[in-house]
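**Q** The file below is upload_4.pdb, PDB, C-alpha atoms:
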```
ATOM      1  CA  MET L  80       8.346 -53.165  16.416
ATOM      2  CA  ALA L  81       7.513 -50.856  19.348
ATOM      3  CA  LEU L  82      11.181 -49.983  19.829
ATOM      4  CA  ARG L  83      11.324 -48.566  16.331
ATOM      5  CA  HIS L  84       9.010 -45.654  17.273
ATOM      6  CA  ILE L  85      11.055 -44.568  20.290
ATOM      7  CA  LYS L  86      12.869 -41.340  19.498
ATOM      8  CA  THR L  87      16.608 -41.126  19.799
ATOM      9  CA  LYS L  88      18.415 -38.511  21.839
ATOM     10  CA  ARG L  89      19.527 -36.721  18.661
ATOM     11  CA  SER L  90      16.005 -36.557  17.213
ATOM     12  CA  LEU L  91      14.700 -35.248  20.543
ATOM     13  CA  LYS L  92      17.397 -32.547  20.544
ATOM     14  CA  ASP L  93      16.519 -31.599  16.961
ATOM     15  CA  GLU L  94      12.828 -31.454  17.789
ATOM     16  CA  ASN L  95      13.575 -29.361  20.889
ATOM     17  CA  LYS L  96      15.687 -26.957  18.809
ATOM     18  CA  HIS L  97      12.905 -26.673  16.233
ATOM     19  CA  LEU L  98      10.270 -26.001  18.898
ATOM     20  CA  HIS L  99      12.520 -23.416  20.540
ATOM     21  CA  SER L 100      12.962 -21.548  17.253
ATOM     22  CA  LEU L 101       9.214 -21.759  16.614
ATOM     23  CA  VAL L 102       8.457 -20.262  20.042
ATOM     24  CA  LYS L 103      10.989 -17.484  19.409
ATOM     25  CA  HIS L 104       9.377 -16.715  16.052
ATOM     26  CA  LEU L 105       5.886 -16.626  17.584
ATOM     27  CA  GLN L 106       7.088 -14.314  20.367
ATOM     28  CA  ILE L 107       8.424 -11.896  17.756
ATOM     29  CA  GLU L 108       5.135 -12.075  15.827
ATOM     30  CA  LEU L 109       3.175 -11.385  19.012
ATOM     31  CA  GLU L 110       5.396  -8.425  19.868
ATOM     32  CA  ASN L 111       4.930  -7.007  16.361
ATOM     33  CA  ALA L 112       1.157  -7.445  16.570
ATOM     34  CA  ARG L 113       1.057  -5.672  19.944
ATOM     35  CA  LEU L 114       3.155  -2.841  18.519
ATOM     36  CA  ASP L 115       0.811  -2.504  15.525
ATOM     37  CA  ILE L 116      -2.214  -2.348  17.836
ATOM     38  CA  SER L 117      -0.605   0.294  20.041
ATOM     39  CA  ILE L 118       0.322   2.423  17.009
ATOM     40  CA  LYS L 119      -3.222   2.072  15.675
ATOM     41  CA  ASN L 120      -4.737   3.051  19.049
ATOM     42  CA  ASP L 121      -2.417   6.055  19.319
ATOM     43  CA  ALA L 122      -3.440   7.207  15.848
ATOM     44  CA  ILE L 123      -7.132   6.800  16.662
ATOM     45  CA  SER L 124      -6.834   8.720  19.928
ATOM     46  CA  GLY L 125      -4.855  11.431  18.126
ATOM     47  CA  TYR L 126      -7.620  11.806  15.546
ATOM     48  CA  LYS L 127     -10.236  11.931  18.308
ATOM     49  CA  ASN L 128      -8.351  14.675  20.147
ATOM     50  CA  GLU L 129      -7.872  16.625  16.942
ATOM     51  CA  ASN L 130     -11.576  16.350  16.102
ATOM     52  CA  ILE L 131     -12.523  17.562  19.581
ATOM     53  CA  ARG L 132     -10.234  20.601  19.234
ATOM     54  CA  LEU L 133     -11.590  21.405  15.767
ATOM     55  CA  ARG L 134     -15.175  21.064  16.970
ATOM     56  CA  GLN L 135     -14.465  23.432  19.870
ATOM     57  CA  ARG L 136     -12.855  25.901  17.474
ATOM     58  CA  ILE L 137     -15.824  25.774  15.091
ATOM     59  CA  ASN L 138     -18.299  26.171  17.948
ATOM     60  CA  SER L 139     -16.367  29.166  19.270
ATOM     61  CA  MET L 140     -16.518  30.721  15.798
ATOM     62  CA  TYR L 141     -20.304  30.348  15.765
ATOM     63  CA  ALA L 142     -20.557  32.088  19.124
ATOM     64  CA  TYR L 143     -19.614  35.396  17.447
ATOM     65  CA  ASP L 144     -21.244  37.085  14.470
ATOM     66  CA  VAL L 145     -19.337  38.608  11.542
ATOM     67  CA  PHE L 146     -18.562  41.852  13.418
ATOM     68  CA  GLY L 147     -16.964  40.054  16.329
ATOM     69  CA  GLU L 148     -19.826  40.673  18.730
ATOM     70  CA  GLU L 149     -21.238  37.918  20.880
ATOM     71  CA  VAL L 150     -24.553  36.509  19.707
TER      72      VAL L 150
END
```
In structure tokens, what does this structure look like?
**A**
Amino acid sequence: MALRHIKTKRSLKDENKHLHSLVKHLQIELENARLDISIKNDAISGYKNENIRLRQRINSMYAYDVFGEEV
């Protein structure tokens, strides 16, 4: 009865092939997730930089009155 549960060489090869394809798939998923995170971080940093520039521009506009003289 115990011999019945021993895997054959063919079933071990099939299982190995399946596990290899599963690992490959998970590596691709991980790479895609890392790419998504990097794109998201780039977008966030871009928005931050743009907000800083706009804030500086607005503050420089408030430094002068309507006639262009410094306040």
**Q** Please compute the atom CA of Leu91 of chain L-atom CA of Glu108 of chain L distance, one decimal, in Å.
**A** 25.5 Å
**Q** Tell me, in Å to one decimal, how far atom CA of Lys96 of chain L is from atom CA of Leu114 of chain L.
**A**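 A separation of 27.2 Å between them.
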**Q** Atom CA of Ile107 of chain L and atom CA of Glu94 of chain L, how far apart in Å?
**A**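 Between atom CA of Glu94 of chain L and atom CA of Ile107 of chain L the gap is 20.0 Å.
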**Q** Take segment 85-103 of chain L, model N, CA, C and O atoms, and hand the result over as a PDB file, in the coordinates of the input.
**A**
```pdb
ATOM      1  N   ILE L  85      10.451 -45.334  19.208  1.00  0.00           N
ATOM      2  CA  ILE L  85      11.055 -44.568  20.290  1.00  0.00           C
ATOM      3  C   ILE L  85      12.076 -43.604  19.684  1.00  0.00           C
ATOM      4  O   ILE L  85      12.926 -43.994  18.889  1.00  0.00           O
ATOM      5  N   LYS L  86      11.987 -42.350  20.083  1.00  0.00           N
ATOM      6  CA  LYS L  86      12.869 -41.340  19.498  1.00  0.00           C
ATOM      7  C   LYS L  86      14.253 -41.411  20.129  1.00  0.00           C
ATOM      8  O   LYS L  86      14.401 -41.663  21.315  1.00  0.00           O
ATOM      9  N   THR L  87      15.235 -41.134  19.309  1.00  0.00           N
ATOM     10  CA  THR L  87      16.608 -41.126  19.799  1.00  0.00           C
ATOM     11  C   THR L  87      16.906 -39.782  20.452  1.00  0.00           C
ATOM     12  O   THR L  87      16.157 -38.817  20.312  1.00  0.00           O
ATOM     13  N   LYS L  88      18.014 -39.732  21.168  1.00  0.00           N
ATOM     14  CA  LYS L  88      18.415 -38.511  21.839  1.00  0.00           C
ATOM     15  C   LYS L  88      18.652 -37.391  20.824  1.00  0.00           C
ATOM     16  O   LYS L  88      18.267 -36.244  21.042  1.00  0.00           O
ATOM     17  N   ARG L  89      19.253 -37.714  19.700  1.00  0.00           N
ATOM     18  CA  ARG L  89      19.527 -36.721  18.661  1.00  0.00           C
ATOM     19  C   ARG L  89      18.233 -36.167  18.071  1.00  0.00           C
ATOM     20  O   ARG L  89      18.100 -34.953  17.888  1.00  0.00           O
ATOM     21  N   SER L  90      17.265 -37.040  17.793  1.00  0.00           N
ATOM     22  CA  SER L  90      16.005 -36.557  17.213  1.00  0.00           C
ATOM     23  C   SER L  90      15.240 -35.706  18.230  1.00  0.00           C
ATOM     24  O   SER L  90      14.576 -34.731  17.864  1.00  0.00           O
ATOM     25  N   LEU L  91      15.341 -36.061  19.511  1.00  0.00           N
ATOM     26  CA  LEU L  91      14.700 -35.248  20.543  1.00  0.00           C
ATOM     27  C   LEU L  91      15.357 -33.871  20.638  1.00  0.00           C
ATOM     28  O   LEU L  91      14.675 -32.860  20.797  1.00  0.00           O
ATOM     29  N   LYS L  92      16.696 -33.832  20.529  1.00  0.00           N
ATOM     30  CA  LYS L  92      17.397 -32.547  20.544  1.00  0.00           C
ATOM     31  C   LYS L  92      16.998 -31.693  19.344  1.00  0.00           C
ATOM     32  O   LYS L  92      16.779 -30.495  19.468  1.00  0.00           O
ATOM     33  N   ASP L  93      16.912 -32.325  18.172  1.00  0.00           N
ATOM     34  CA  ASP L  93      16.519 -31.599  16.961  1.00  0.00           C
ATOM     35  C   ASP L  93      15.100 -31.059  17.090  1.00  0.00           C
ATOM     36  O   ASP L  93      14.820 -29.922  16.716  1.00  0.00           O
ATOM     37  N   GLU L  94      14.210 -31.885  17.609  1.00  0.00           N
ATOM     38  CA  GLU L  94      12.828 -31.454  17.789  1.00  0.00           C
ATOM     39  C   GLU L  94      12.754 -30.316  18.805  1.00  0.00           C
ATOM     40  O   GLU L  94      12.020 -29.340  18.615  1.00  0.00           O
ATOM     41  N   ASN L  95      13.537 -30.412  19.873  1.00  0.00           N
ATOM     42  CA  ASN L  95      13.575 -29.361  20.889  1.00  0.00           C
ATOM     43  C   ASN L  95      14.088 -28.053  20.289  1.00  0.00           C
ATOM     44  O   ASN L  95      13.551 -26.974  20.552  1.00  0.00           O
ATOM     45  N   LYS L  96      15.125 -28.141  19.461  1.00  0.00           N
ATOM     46  CA  LYS L  96      15.687 -26.957  18.809  1.00  0.00           C
ATOM     47  C   LYS L  96      14.654 -26.318  17.877  1.00  0.00           C
ATOM     48  O   LYS L  96      14.489 -25.102  17.849  1.00  0.00           O
ATOM     49  N   HIS L  97      13.943 -27.163  17.144  1.00  0.00           N
ATOM     50  CA  HIS L  97      12.905 -26.673  16.233  1.00  0.00           C
ATOM     51  C   HIS L  97      11.788 -25.976  17.013  1.00  0.00           C
ATOM     52  O   HIS L  97      11.338 -24.885  16.633  1.00  0.00           O
ATOM     53  N   LEU L  98      11.336 -26.593  18.092  1.00  0.00           N
ATOM     54  CA  LEU L  98      10.270 -26.001  18.898  1.00  0.00           C
ATOM     55  C   LEU L  98      10.722 -24.690  19.537  1.00  0.00           C
ATOM     56  O   LEU L  98       9.953 -23.727  19.629  1.00  0.00           O
ATOM     57  N   HIS L  99      11.984 -24.641  19.957  1.00  0.00           N
ATOM     58  CA  HIS L  99      12.520 -23.416  20.540  1.00  0.00           C
ATOM     59  C   HIS L  99      12.525 -22.287  19.518  1.00  0.00           C
ATOM     60  O   HIS L  99      12.133 -21.154  19.827  1.00  0.00           O
ATOM     61  N   SER L 100      12.949 -22.576  18.298  1.00  0.00           N
ATOM     62  CA  SER L 100      12.962 -21.548  17.253  1.00  0.00           C
ATOM     63  C   SER L 100      11.537 -21.128  16.878  1.00  0.00           C
ATOM     64  O   SER L 100      11.282 -19.949  16.610  1.00  0.00           O
ATOM     65  N   LEU L 101      10.607 -22.073  16.906  1.00  0.00           N
ATOM     66  CA  LEU L 101       9.214 -21.759  16.614  1.00  0.00           C
ATOM     67  C   LEU L 101       8.633 -20.835  17.687  1.00  0.00           C
ATOM     68  O   LEU L 101       7.946 -19.846  17.376  1.00  0.00           O
ATOM     69  N   VAL L 102       8.925 -21.109  18.943  1.00  0.00           N
ATOM     70  CA  VAL L 102       8.457 -20.262  20.042  1.00  0.00           C
ATOM     71  C   VAL L 102       9.047 -18.867  19.905  1.00  0.00           C
ATOM     72  O   VAL L 102       8.349 -17.859  20.082  1.00  0.00           O
ATOM     73  N   LYS L 103      10.320 -18.775  19.585  1.00  0.00           N
ATOM     74  CA  LYS L 103      10.989 -17.484  19.409  1.00  0.00           C
ATOM     75  C   LYS L 103      10.317 -16.685  18.290  1.00  0.00           C
ATOM     76  O   LYS L 103      10.050 -15.488  18.437  1.00  0.00           O
TER      77      LYS L 103
END
```
